[in-house]
Amino acid sequence: KYVCVLLKMAKNTNIRISLPAVCFVWQIAMIILFGVFIRYDEESDTHWIEHRRKKNISTNLENDFYYRYPSFQDVHVMIFVGFGFLMTFLKRYSFGGVGFNFLIAAFGIQWALLMQGWFHHLDEHDWKIKIGVENLINADFCVASCLIAYGACLGKVSPVQLMVLTLFGVTLFAVEEYIILELLHAKDAGGSMVIHTFGAYYGLTISWVLYRPLLSQSKHLQGSVYHSDVFAMIGTLFLWMYWPSFNSAIADHGDGQHRAVINTYLALASSVLTTFAISSISQNNGKLDMVHIQNATLAGGVAMGTASEFMITPYGSLIVGFCSGIVSTFGYLFLTPFMEKTLKIQDTCGIHNLHAMPGVIGGIVGAITAASASESVYGQEGLINTFDFKDAVANRTVNIQGGYQAAALFVAIAFGLVGGALVGGILKLPIWGDPADVNCFDDDVYWEVIVFFFFLNELHGTE
Amino acid sequence: KYVCVLLKMAKNTNIRISLPAVCFVWQIAMIILFGVFIRYDEESDTHWIEHRRKKNISTNLENDFYYRYPSFQDVHVMIFVGFGFLMTFLKRYSFGGVGFNFLIAAFGIQWALLMQGWFHHLDEHDWKIKIGVENLINADFCVASCLIAYGACLGKVSPVQLMVLTLFGVTLFAVEEYIILELLHAKDAGGSMVIHTFGAYYGLTISWVLYRPLLSQSKHLQGSVYHSDVFAMIGTLFLWMYWPSFNSAIADHGDGQHRAVINTYLALASSVLTTFAISSISQNNGKLDMVHIQNATLAGGVAMGTASEFMITPYGSLIVGFCSGIVSTFGYLFLTPFMEKTLKIQDTCGIHNLHAMPGVIGGIVGAITAASASESVYGQEGLINTFDFKDAVANRTVNIQGGYQAAALFVAIAFGLVGGALVGGILKLPIWGDPADVNCFDDDVYWEVIVFFFFLNELHGTE
Amino acid sequence: KYVCVLLKMAKNTNIRISLPAVCFVWQIAMIILFGVFIRYDEESDTHWIEHRRKKNISTNLENDFYYRYPSFQDVHVMIFVGFGFLMTFLKRYSFGGVGFNFLIAAFGIQWALLMQGWFHHLDEHDWKIKIGVENLINADFCVASCLIAYGACLGKVSPVQLMVLTLFGVTLFAVEEYIILELLHAKDAGGSMVIHTFGAYYGLTISWVLYRPLLSQSKHLQGSVYHSDVFAMIGTLFLWMYWPSFNSAIADHGDGQHRAVINTYLALASSVLTTFAISSISQNNGKLDMVHIQNATLAGGVAMGTASEFMITPYGSLIVGFCSGIVSTFGYLFLTPFMEKTLKIQDTCGIHNLHAMPGVIGGIVGAITAASASESVYGQEGLINTFDFKDAVANRTVNIQGGYQAAALFVAIAFGLVGGALVGGILKLPIWGDPADVNCFDDDVYWEVIVFFFFLNELHGTE
């Protein structure tokens, strides 16, 4: 224990100056930037009543609020309870998992409103960003990519590093999203590419740059205990249940949202069965592993992100979930250990299995589904509506659309890799108060925890 | 401990072949059957825009999605978090409670879409089932009956047995539902009869067939610990809060859904008070029992399932909740021990008290309320709308409707008893990998759990 | 331990007669009063179809149900899971926290429907109260004030006392709300004044009257353990995520609800950052305190209650959250210990920091924002709609409105203080079965808990 205490001294993890400074300065910056740039849009402004009359809108229900608010709340739950509790699985890092997730998401949504606003919603007349419920959903989406990246670094970084990770992550996301959705005119309603692929490669590259050769010193804290696994199931289930809302939240009104829900619901159900199957078959005695159930069951939702709006058919959705559940579980069995040993990538939550691979699958499925769309299946108007073949891209064919979808996937991967390398370099500076290898995965570093309890815990190997 | 290990060998619980085989084969069968039968309906298809124009629907909001989606998500939470966490109360079976609930629900909803589709929604022109959000809700409802049945068997069966239980449970449900709703033309919006009564008797009969005379060998694991009781309260509260959505999810648009919510809200509130009262009065020192609070508080929602759409009046709803809370708590106090000793029915979660008795109460209340409906209360149009006195049953009177409601209750009970006996017989075959009596209620049989922790736990009698 | 057992005998906490009596008598009274007074309103009655035709309402969606139901369910979750789990943080009072919250909320919503009905919705023709979904939301709101008051008394009162606290709390609330909303015509959509300020001062005054000089005898149970803190985070997050629904649930259809959501979302995000900052800066080593994260992060939602509907602007919302997060965290650091020592107010959950101070801030912000409203910002119609300058108050100016808002704040405080003193006096009677000082914060007094586990727990200082 004395050695332990000594090693704890090895690195300065006191964030008493840096964390408050970052929080205050950035929050004040947000207030100033919001003051300059952000206003209510016409549907959330008191002039809505005049706007309604002018546009001849018969009822308040046509306010986008009533189309999108239930989905928004579901997405909001996924961001804070879903991602937060999924990361409570470690025996002694539950505070950090749910708490830092809370902190960076609360910061990220503000910064995302600005960044996404500048790129997508800047009013050219008065240079203001007009926000409504759809902007709130997009801000939550944007933050999701940073929370995914957090999953790779869980337990190994300080909250100050996470704030930096989020600042740059949101910035990169907004640019990448602009390129993919506006310039390439690719479709990605549930963000297989924009959110999951980008976020996962961003996090994995950061984790690669921050490689800790002596991480095994905190091996005893890297597992779960019985109740922390049950807490993590809260996260899993809220993500799983609300994923149909995630993939449909910003889909087209009407059939678009409706279809995205059905496709995602089916893909998720399918990946549960294949996850249980592979998890059981991989052990000598057929016993199930909670890590697989907590994570790989969600792969169907990730993989359905791009194609959720398309006419992929119900059985197509089942096939996507079938494959992604298998791929994801195999990832936890073989790829994660391989990556740690050979590629020097330490991926605490296994985001490569849950977000990177299913995200890439989702991008590919989206490209193929788009390329094989036809008027006979979609109807003439349906095809135009679904792919927004209007204005500048009025003459685009589905084959070309498929090509752009594929290009979008590469943009997402490239942004993740390059952005992660840059931000990883910044986070390697010895000023951020990150923990020593022996203190990783330990809430005691950044949280007031009763220490007696902590030692007892180690002694027993229990909680 | 050696004895313990020896006894564990007594039965082969290795499911390394059987569970993956069942998951893969059934999931592939689902994909094929979905490919042959399941298509988007006109509200989730890209042709919606043409459909809208043809039917002169003025706004996208008239898509059923916007009427039903919030209720669907609430029901979805009840199925996976509600039922799942309610079954985490055992000190050492939380993984099995929430995990197997997840597995069988994910399989069941797929099979339910097919079974219910064949019976209710088969398009006679192209022999396809067209699905939309209402089908998703109905699939969740159907699965609920199997999860109720799981409650009686919790801790005593293997996941393979649960998959079989679900396969047959969904099949029986679809037939029973067809008879009750289509042939008898009974009303049962919240499924007091169709879901709860059927599911409970189905599970109880299976548990009776699978009676384990030496179950007391695992008595030490049959209780809860402090934190597992708090986990179970998550399940209780999400069921309790969202039950108004459950009973109104497929009720008539407009006043039907509105009234079902009010009635269920009130019945639930009322049963909380009587549950606390009976729980306290039943102990010498007036102390409350968490088992009662976790379960009997929900009885009002079950008992309001059939009559929720009717003009039962707000105080009528309070009375229903009042009585069902009392009946359910007394069930836990006296009936469950009696059933175990005398009738040889081992009912882990007490589903007889939470689902069977309140479900029967709900069926009776529904029959009485229907029989006493009148034009003076409902209005002429209201009466026709509420009971769908159209087409083949245009001339049915409320008294006859009451008779059919009562008949429906018997159909539900009969299907539960006969179906449970048949399926119980199948599950008694010695091929399913169920645990020995001494290993019941123990996650260690089917899950990777750190064994050291487990023994320590037993030693201390704590978690 | 013998001493301990002896001291437990010192006070009679047997509630075997009193609790069931209160539950039964009051529930029967509810049934009778509901029978006399409560009916469905025109939107939840089967005559809705005729009403629609008469009023020329084109679609079922115009039923208020579809405007308000998603918000209602979110509020419902806040009341039962949010408040309930927030109060599970104590190491040995989780059952009491979530269980008694459940009991008094279930009673309170019934009594609130009556009390609020008599004051606000009594039909002058037939002396009936006609209820719909908005009444359910208001009943949940009303109960929230009593749950806040419970927070100050957590662990120190018997369930019978809580029932009395709720009975009078709801009664006082209905009168206070009538004065503020109807007589003063103040606006308070999210209840900064009506709910939070009143509820907090009501609870604090009760706690002051019930001051326990020897409470330190149960000091060893006043803290949290690792997992109880994680449970409390469930409460925190569901409150945090759904607070936009809370503040918008009864706001005006259309832009009113939309704007309330945006403002609340931003204020909450802002207060998370300042809470983390102050929590870290207040410790020598910069470590974060879970108590702050669990509570002060919510202050932004409380403080945005009154002005959420107003055109406070997005950056205005950020400023409100910024300040209230700071004030609330400082409250936990300095005010709570000061109040306990000097003012003899024992505030278990720190409701003074989370509800009283942010509530007062909210009232002041509301008054200032109202007084500075202008036609140039709101538009002529917008101003009238937002402040309801119609009928009796058609000629009110915004300055006068600001004055009335300030007056409303004083009414809320006065009702809290005077009501709390009166009810505190009643609760001081030695007939309610409250625990001895040494037995406070201990579930063992009112719940069946395995005692062996309990002693072991104390021995280890762990859960």
# chains A, B, ... in the order shown; residues from 1 in each chain; ligands from 1
$ closest_atom_pairs --of "chain C" --to "chain B" --cutoff "6 Å" --atoms "only C-alpha atoms" --output "JSON lines"
{"residue": "C:Asn14", "atom": "CA", "partner": "B:Asn285", "partner_atom": "CA", "distance": 5.5}
{"residue": "C:Ile15", "atom": "CA", "partner": "B:Gly286", "partner_atom": "CA", "distance": 5.2}
{"residue": "C:Arg16", "atom": "CA", "partner": "B:Gly286", "partner_atom": "CA", "distance": 3.7}
{"residue": "C:Pro20", "atom": "CA", "partner": "B:Ala277", "partner_atom": "CA", "distance": 3.9}
{"residue": "C:Cys23", "atom": "CA", "partner": "B:Leu273", "partner_atom": "CA", "distance": 5.5}
{"residue": "C:Ile31", "atom": "CA", "partner": "B:Tyr315", "partner_atom": "CA", "distance": 5.3}
{"residue": "C:Phe34", "atom": "CA", "partner": "B:Tyr315", "partner_atom": "CA", "distance": 5.2}
{"residue": "C:Gly35", "atom": "CA", "partner": "B:Tyr315", "partner_atom": "CA", "distance": 5.1}
{"residue": "C:Glu43", "atom": "CA", "partner": "B:Asp255", "partner_atom": "CA", "distance": 5.7}
{"residue": "C:Ser44", "atom": "CA", "partner": "B:Asp255", "partner_atom": "CA", "distance": 4.4}
{"residue": "C:Asp45", "atom": "CA", "partner": "B:Asp255", "partner_atom": "CA", "distance": 5.9}
{"residue": "C:Thr46", "atom": "CA", "partner": "B:Gly382", "partner_atom": "CA", "distance": 4.8}
{"residue": "C:His47", "atom": "CA", "partner": "B:Gly382", "partner_atom": "CA", "distance": 5.9}
{"residue": "C:Asn60", "atom": "CA", "partner": "B:Gly254", "partner_atom": "CA", "distance": 5.0}
{"residue": "C:Phe65", "atom": "CA", "partner": "B:His258", "partner_atom": "CA", "distance": 6.0}
{"residue": "C:Ala106", "atom": "CA", "partner": "B:Ala269", "partner_atom": "CA", "distance": 4.7}
{"residue": "C:Tyr446", "atom": "CA", "partner": "B:Lys287", "partner_atom": "CA", "distance": 4.8}
{"residue": "C:Trp447", "atom": "CA", "partner": "B:Leu288", "partner_atom": "CA", "distance": 4.6}
{"residue": "C:Glu448", "atom": "CA", "partner": "B:Asp289", "partner_atom": "CA", "distance": 5.5}
$ write_last_selection --atoms "N, CA and C atoms" --output "tab-separated table (two decimals), in the first residue's frame"
chain	number	residue	atom	x	y	z
C	14	ASN	N	-43.91	1.95	15.89
C	14	ASN	CA	-44.85	1.00	15.30
C	14	ASN	C	-45.99	1.75	14.62
C	15	ILE	N	-46.09	1.58	13.30
C	15	ILE	CA	-47.13	2.29	12.56
C	15	ILE	C	-48.16	1.31	12.01
C	16	ARG	N	-48.27	0.16	12.68
C	16	ARG	CA	-49.14	-0.88	12.16
C	16	ARG	C	-50.61	-0.47	12.15
C	20	PRO	N	-51.88	2.10	8.06
C	20	PRO	CA	-53.03	1.55	7.33
C	20	PRO	C	-54.30	2.39	7.51
C	23	CYS	N	-54.06	5.45	5.29
C	23	CYS	CA	-54.18	5.08	3.88
C	23	CYS	C	-55.62	4.72	3.52
C	31	ILE	N	-62.32	8.39	-2.91
C	31	ILE	CA	-63.31	7.75	-3.77
C	31	ILE	C	-64.64	8.49	-3.67
C	34	PHE	N	-64.30	12.00	-5.27
C	34	PHE	CA	-64.25	11.86	-6.73
C	34	PHE	C	-65.64	11.53	-7.28
C	35	GLY	N	-66.35	10.68	-6.55
C	35	GLY	CA	-67.70	10.33	-6.99
C	35	GLY	C	-68.60	11.55	-7.05
C	43	GLU	N	-62.85	16.61	-23.71
C	43	GLU	CA	-61.87	15.99	-24.60
C	43	GLU	C	-61.56	14.54	-24.22
C	44	SER	N	-61.99	14.14	-23.04
C	44	SER	CA	-61.76	12.75	-22.66
C	44	SER	C	-63.09	12.00	-22.49
C	45	ASP	N	-64.17	12.62	-22.87
C	45	ASP	CA	-65.50	12.03	-22.77
C	45	ASP	C	-65.90	11.47	-24.13
C	46	THR	N	-66.74	10.46	-24.11
C	46	THR	CA	-67.18	9.88	-25.40
C	46	THR	C	-67.97	10.87	-26.25
C	47	HIS	N	-68.41	11.97	-25.64
C	47	HIS	CA	-69.10	12.99	-26.45
C	47	HIS	C	-68.13	13.86	-27.24
C	60	ASN	N	-58.70	14.65	-34.80
C	60	ASN	CA	-58.52	14.18	-33.43
C	60	ASN	C	-57.25	14.72	-32.80
C	65	PHE	N	-54.81	16.14	-25.62
C	65	PHE	CA	-54.01	14.96	-25.33
C	65	PHE	C	-52.74	14.92	-26.16
C	106	ALA	N	-48.43	9.23	-4.81
C	106	ALA	CA	-49.65	8.57	-5.26
C	106	ALA	C	-50.88	9.11	-4.52
C	446	TYR	N	-38.79	1.21	9.42
C	446	TYR	CA	-40.10	1.08	8.77
C	446	TYR	C	-40.15	-0.02	7.71
C	447	TRP	N	-39.04	-0.69	7.46
C	447	TRP	CA	-39.01	-1.70	6.39
C	447	TRP	C	-38.44	-3.00	6.92
C	448	GLU	N	-38.89	-4.08	6.35
C	448	GLU	CA	-38.30	-5.39	6.62
C	448	GLU	C	-36.93	-5.44	5.95
$ residues_around --residues "Gly151 (chain B)" --least-positions-apart "6" --cutoff "8 Å" --atoms "only C-alpha atoms" --output "VMD selection string"
chain B and resid 87 203 347 to 351
$ write_last_selection --atoms "C-alpha atoms" --output "compact mmCIF listing (two decimals), in the first residue's frame"
# COMPACT_ATOMS: atom_id res chain seq x y z
CA MET B 87 -36.88 -9.35 -12.17
CA GLY B 203 -46.66 -19.35 -16.73
CA ASP B 347 -44.19 -18.83 -8.48
CA THR B 348 -40.92 -16.92 -8.12
CA CYS B 349 -42.24 -13.42 -8.81
CA GLY B 350 -45.75 -13.97 -7.57
CA ILE B 351 -47.37 -13.46 -10.96
$ closest_atom_pairs --of "region 75-186 of chain A" --to "region 190-194 of chain A" --cutoff "12 Å" --atoms "only C-alpha atoms" --output "Markdown table"
| residue | atom | partner | partner_atom | distance |
| --- | --- | --- | --- | --- |
| A:Val75 | CA | A:Gly190 | CA | 11.0 |
| A:Ile137 | CA | A:Gly190 | CA | 11.3 |
| A:Asn138 | CA | A:Gly191 | CA | 10.4 |
| A:Asp140 | CA | A:Gly191 | CA | 11.8 |
| A:Phe141 | CA | A:Gly191 | CA | 8.0 |
| A:Cys142 | CA | A:Val194 | CA | 8.7 |
| A:Val143 | CA | A:Val194 | CA | 11.5 |
| A:Ala144 | CA | A:Gly191 | CA | 9.9 |
| A:Ser145 | CA | A:Val194 | CA | 8.2 |
| A:Cys146 | CA | A:Val194 | CA | 11.6 |
| A:Gly169 | CA | A:Val194 | CA | 11.9 |
| A:Val170 | CA | A:Val194 | CA | 11.6 |
| A:Leu172 | CA | A:Val194 | CA | 10.6 |
| A:Phe173 | CA | A:Val194 | CA | 7.5 |
| A:Ala174 | CA | A:Val194 | CA | 9.4 |
| A:Val175 | CA | A:Val194 | CA | 10.3 |
| A:Glu176 | CA | A:Val194 | CA | 7.2 |
| A:Glu177 | CA | A:Val194 | CA | 6.1 |
| A:Tyr178 | CA | A:Val194 | CA | 9.7 |
| A:Ile179 | CA | A:Val194 | CA | 10.0 |
| A:Ile180 | CA | A:Val194 | CA | 7.6 |
| A:Leu181 | CA | A:Val194 | CA | 8.9 |
| A:Ala186 | CA | A:Met193 | CA | 10.1 |
$ closest_residue --among "B:Thr336, B:Asn399, B:Thr329, B:Thr59" --to "Phe387 (chain B)" --atoms "only C-alpha atoms"
B:Asn399
$ residues_around --residues "region 81-85 of chain C" --least-positions-apart "6" --cutoff "6 Å" --atoms "only C-alpha atoms" --output "list in words"
Val98, Asn101, Ala232, Gly235, Phe238 and Leu239 of chain C
$ write_last_selection --atoms "N, CA and C atoms" --output "compact mmCIF listing (two decimals), in the first residue's frame"
# COMPACT_ATOMS: atom_id res chain seq x y z
N VAL C 98 -37.06 6.16 -1.97
CA VAL C 98 -37.87 5.92 -3.16
C VAL C 98 -39.27 5.42 -2.80
N ASN C 101 -41.52 8.33 -1.16
CA ASN C 101 -41.78 9.24 -2.27
C ASN C 101 -42.94 8.72 -3.12
N ALA C 232 -28.49 7.47 -6.97
CA ALA C 232 -28.98 8.85 -6.94
C ALA C 232 -28.77 9.55 -8.27
N GLY C 235 -31.72 9.41 -10.49
CA GLY C 235 -32.68 10.48 -10.20
C GLY C 235 -32.24 11.80 -10.79
N PHE C 238 -32.60 11.82 -14.73
CA PHE C 238 -33.96 11.89 -15.25
C PHE C 238 -34.60 13.24 -14.95
N LEU C 239 -34.28 13.83 -13.81
CA LEU C 239 -34.75 15.19 -13.56
C LEU C 239 -34.14 16.15 -14.58
$ select_by_dssp --residues "region 124-282 of chain A" --states "alpha helix (DSSP H)" --output "PDB file with C-alpha atoms, in the first residue's frame"
ATOM      1  CA  VAL A 133     -36.003  21.713 -31.572  1.00  0.00           C
ATOM      2  CA  GLU A 134     -34.181  20.202 -34.584  1.00  0.00           C
ATOM      3  CA  ASN A 135     -31.035  22.090 -33.603  1.00  0.00           C
ATOM      4  CA  LEU A 136     -31.259  20.639 -30.117  1.00  0.00           C
ATOM      5  CA  ILE A 137     -31.429  17.122 -31.580  1.00  0.00           C
ATOM      6  CA  ASN A 138     -28.475  17.818 -33.843  1.00  0.00           C
ATOM      7  CA  ALA A 139     -26.477  19.152 -30.903  1.00  0.00           C
ATOM      8  CA  ASP A 140     -27.186  15.955 -28.991  1.00  0.00           C
ATOM      9  CA  PHE A 141     -26.134  13.946 -32.054  1.00  0.00           C
ATOM     10  CA  CYS A 142     -22.908  15.874 -32.351  1.00  0.00           C
ATOM     11  CA  VAL A 143     -22.060  15.286 -28.709  1.00  0.00           C
ATOM     12  CA  ALA A 144     -22.715  11.570 -29.141  1.00  0.00           C
ATOM     13  CA  SER A 145     -19.612  11.303 -31.302  1.00  0.00           C
ATOM     14  CA  CYS A 146     -17.471  12.738 -28.484  1.00  0.00           C
ATOM     15  CA  LEU A 147     -19.051  10.413 -25.934  1.00  0.00           C
ATOM     16  CA  ILE A 148     -18.183   7.485 -28.175  1.00  0.00           C
ATOM     17  CA  ALA A 149     -14.598   8.722 -28.257  1.00  0.00           C
ATOM     18  CA  TYR A 150     -14.691   8.976 -24.464  1.00  0.00           C
ATOM     19  CA  GLY A 151     -15.498   5.261 -24.395  1.00  0.00           C
ATOM     20  CA  ALA A 152     -12.050   4.405 -25.731  1.00  0.00           C
ATOM     21  CA  CYS A 153     -10.337   6.619 -23.139  1.00  0.00           C
ATOM     22  CA  PRO A 159     -11.821  15.660 -17.069  1.00  0.00           C
ATOM     23  CA  VAL A 160      -9.772  18.537 -18.454  1.00  0.00           C
ATOM     24  CA  GLN A 161      -8.547  16.312 -21.249  1.00  0.00           C
ATOM     25  CA  LEU A 162     -12.127  15.293 -21.900  1.00  0.00           C
ATOM     26  CA  MET A 163     -13.186  18.908 -22.220  1.00  0.00           C
ATOM     27  CA  VAL A 164     -10.434  19.444 -24.793  1.00  0.00           C
ATOM     28  CA  LEU A 165     -11.405  16.230 -26.571  1.00  0.00           C
ATOM     29  CA  THR A 166     -14.971  17.544 -26.739  1.00  0.00           C
ATOM     30  CA  LEU A 167     -14.053  21.035 -27.889  1.00  0.00           C
ATOM     31  CA  PHE A 168     -12.096  19.717 -30.861  1.00  0.00           C
ATOM     32  CA  GLY A 169     -14.399  16.760 -31.413  1.00  0.00           C
ATOM     33  CA  VAL A 170     -17.428  18.993 -31.858  1.00  0.00           C
ATOM     34  CA  THR A 171     -15.460  21.303 -34.131  1.00  0.00           C
ATOM     35  CA  LEU A 172     -14.269  18.470 -36.334  1.00  0.00           C
ATOM     36  CA  PHE A 173     -17.741  16.957 -36.337  1.00  0.00           C
ATOM     37  CA  ALA A 174     -19.335  20.136 -37.634  1.00  0.00           C
ATOM     38  CA  VAL A 175     -16.871  20.386 -40.531  1.00  0.00           C
ATOM     39  CA  GLU A 176     -17.125  16.699 -41.388  1.00  0.00           C
ATOM     40  CA  GLU A 177     -20.920  16.827 -41.196  1.00  0.00           C
ATOM     41  CA  PHE A 198     -16.119   9.404 -37.040  1.00  0.00           C
ATOM     42  CA  GLY A 199     -16.492   9.278 -33.265  1.00  0.00           C
ATOM     43  CA  ALA A 200     -15.022   5.809 -32.972  1.00  0.00           C
ATOM     44  CA  TYR A 201     -11.934   6.443 -35.108  1.00  0.00           C
ATOM     45  CA  TYR A 202     -11.454   9.793 -33.402  1.00  0.00           C
ATOM     46  CA  GLY A 203     -11.430   8.089 -30.008  1.00  0.00           C
ATOM     47  CA  LEU A 204      -9.335   5.121 -31.085  1.00  0.00           C
ATOM     48  CA  THR A 205      -6.639   7.310 -32.605  1.00  0.00           C
ATOM     49  CA  ILE A 206      -6.505   9.430 -29.458  1.00  0.00           C
ATOM     50  CA  SER A 207      -6.214   6.273 -27.392  1.00  0.00           C
ATOM     51  CA  TRP A 208      -3.394   5.091 -29.697  1.00  0.00           C
ATOM     52  CA  VAL A 209      -1.485   8.347 -29.248  1.00  0.00           C
ATOM     53  CA  TYR A 226     -21.835  -7.737 -10.029  1.00  0.00           C
ATOM     54  CA  HIS A 227     -23.784  -4.549  -9.379  1.00  0.00           C
ATOM     55  CA  SER A 228     -21.768  -2.339 -11.687  1.00  0.00           C
ATOM     56  CA  ASP A 229     -22.760  -4.706 -14.488  1.00  0.00           C
ATOM     57  CA  VAL A 230     -26.402  -4.260 -13.594  1.00  0.00           C
ATOM     58  CA  PHE A 231     -25.973  -0.474 -13.628  1.00  0.00           C
ATOM     59  CA  ALA A 232     -24.440  -0.754 -17.079  1.00  0.00           C
ATOM     60  CA  MET A 233     -27.516  -2.665 -18.257  1.00  0.00           C
ATOM     61  CA  ILE A 234     -29.569   0.485 -17.529  1.00  0.00           C
ATOM     62  CA  GLY A 235     -27.429   2.261 -20.088  1.00  0.00           C
ATOM     63  CA  THR A 236     -27.639  -0.583 -22.576  1.00  0.00           C
ATOM     64  CA  LEU A 237     -31.394  -0.874 -22.394  1.00  0.00           C
ATOM     65  CA  PHE A 238     -32.139   2.848 -22.678  1.00  0.00           C
ATOM     66  CA  LEU A 239     -29.848   3.020 -25.693  1.00  0.00           C
ATOM     67  CA  TRP A 240     -31.447  -0.069 -27.203  1.00  0.00           C
ATOM     68  CA  MET A 241     -35.060   0.984 -26.591  1.00  0.00           C
ATOM     69  CA  TYR A 242     -34.670   4.559 -27.796  1.00  0.00           C
ATOM     70  CA  TRP A 243     -32.451   3.831 -30.790  1.00  0.00           C
ATOM     71  CA  PRO A 244     -35.474   3.873 -33.127  1.00  0.00           C
ATOM     72  CA  SER A 245     -35.978   7.477 -31.987  1.00  0.00           C
ATOM     73  CA  PHE A 246     -32.314   8.229 -32.602  1.00  0.00           C
ATOM     74  CA  ASN A 247     -32.407   7.029 -36.192  1.00  0.00           C
ATOM     75  CA  SER A 248     -35.746   8.696 -36.910  1.00  0.00           C
ATOM     76  CA  ASP A 255     -43.270   8.075 -43.759  1.00  0.00           C
ATOM     77  CA  GLY A 256     -39.562   8.859 -43.288  1.00  0.00           C
ATOM     78  CA  GLN A 257     -39.713   8.873 -39.497  1.00  0.00           C
ATOM     79  CA  HIS A 258     -42.163   5.976 -39.502  1.00  0.00           C
ATOM     80  CA  ARG A 259     -39.960   3.743 -41.662  1.00  0.00           C
ATOM     81  CA  ALA A 260     -36.764   4.617 -39.806  1.00  0.00           C
ATOM     82  CA  VAL A 261     -38.393   3.418 -36.582  1.00  0.00           C
ATOM     83  CA  ILE A 262     -39.475   0.093 -38.050  1.00  0.00           C
ATOM     84  CA  ASN A 263     -36.097  -0.622 -39.622  1.00  0.00           C
ATOM     85  CA  THR A 264     -34.162   0.194 -36.477  1.00  0.00           C
ATOM     86  CA  TYR A 265     -36.517  -1.753 -34.221  1.00  0.00           C
ATOM     87  CA  LEU A 266     -35.997  -4.862 -36.350  1.00  0.00           C
ATOM     88  CA  ALA A 267     -32.240  -4.545 -36.772  1.00  0.00           C
ATOM     89  CA  LEU A 268     -31.812  -4.198 -33.013  1.00  0.00           C
ATOM     90  CA  ALA A 269     -33.983  -7.218 -32.251  1.00  0.00           C
ATOM     91  CA  SER A 270     -31.973  -9.307 -34.681  1.00  0.00           C
ATOM     92  CA  SER A 271     -28.586  -8.341 -33.280  1.00  0.00           C
ATOM     93  CA  VAL A 272     -29.670  -9.366 -29.767  1.00  0.00           C
ATOM     94  CA  LEU A 273     -30.094 -12.964 -30.877  1.00  0.00           C
ATOM     95  CA  THR A 274     -26.809 -13.222 -32.716  1.00  0.00           C
ATOM     96  CA  THR A 275     -24.972 -11.576 -29.823  1.00  0.00           C
ATOM     97  CA  PHE A 276     -26.315 -14.132 -27.357  1.00  0.00           C
ATOM     98  CA  ALA A 277     -25.450 -16.910 -29.783  1.00  0.00           C
ATOM     99  CA  ILE A 278     -21.831 -15.891 -30.359  1.00  0.00           C
ATOM    100  CA  SER A 279     -21.307 -15.034 -26.703  1.00  0.00           C
ATOM    101  CA  SER A 280     -22.430 -18.485 -25.631  1.00  0.00           C
ATOM    102  CA  ILE A 281     -20.589 -20.416 -28.337  1.00  0.00           C
TER     103      ILE A 281
END
$ atom_distance --atom1 "CA of Gly96 (chain A)" --atom2 "CA of Phe415 (chain A)"
27.2 Å
$ atom_distance --atom1 "CA of Ala29 (chain C)" --atom2 "CA of Asn295 (chain B)"
24.4 Å
$ residues_around --residues "Phe37 (chain A)" --least-positions-apart "2" --cutoff "8 Å" --atoms "only C-alpha atoms" --output "list in words"
Leu33, Phe34, Gly35, Arg39, Leu114, Trp127, Lys128 and Ile129 of chain A
$ atom_distance --atom1 "CA of Asp126 (chain A)" --atom2 "CA of Ser376 (chain C)"
16.7 Å
$ select_by_dssp --residues "region 17-157 of chain A" --states "strand (DSSP E)" --output "NGL selection string"
:A and (38-40 or 129-131)
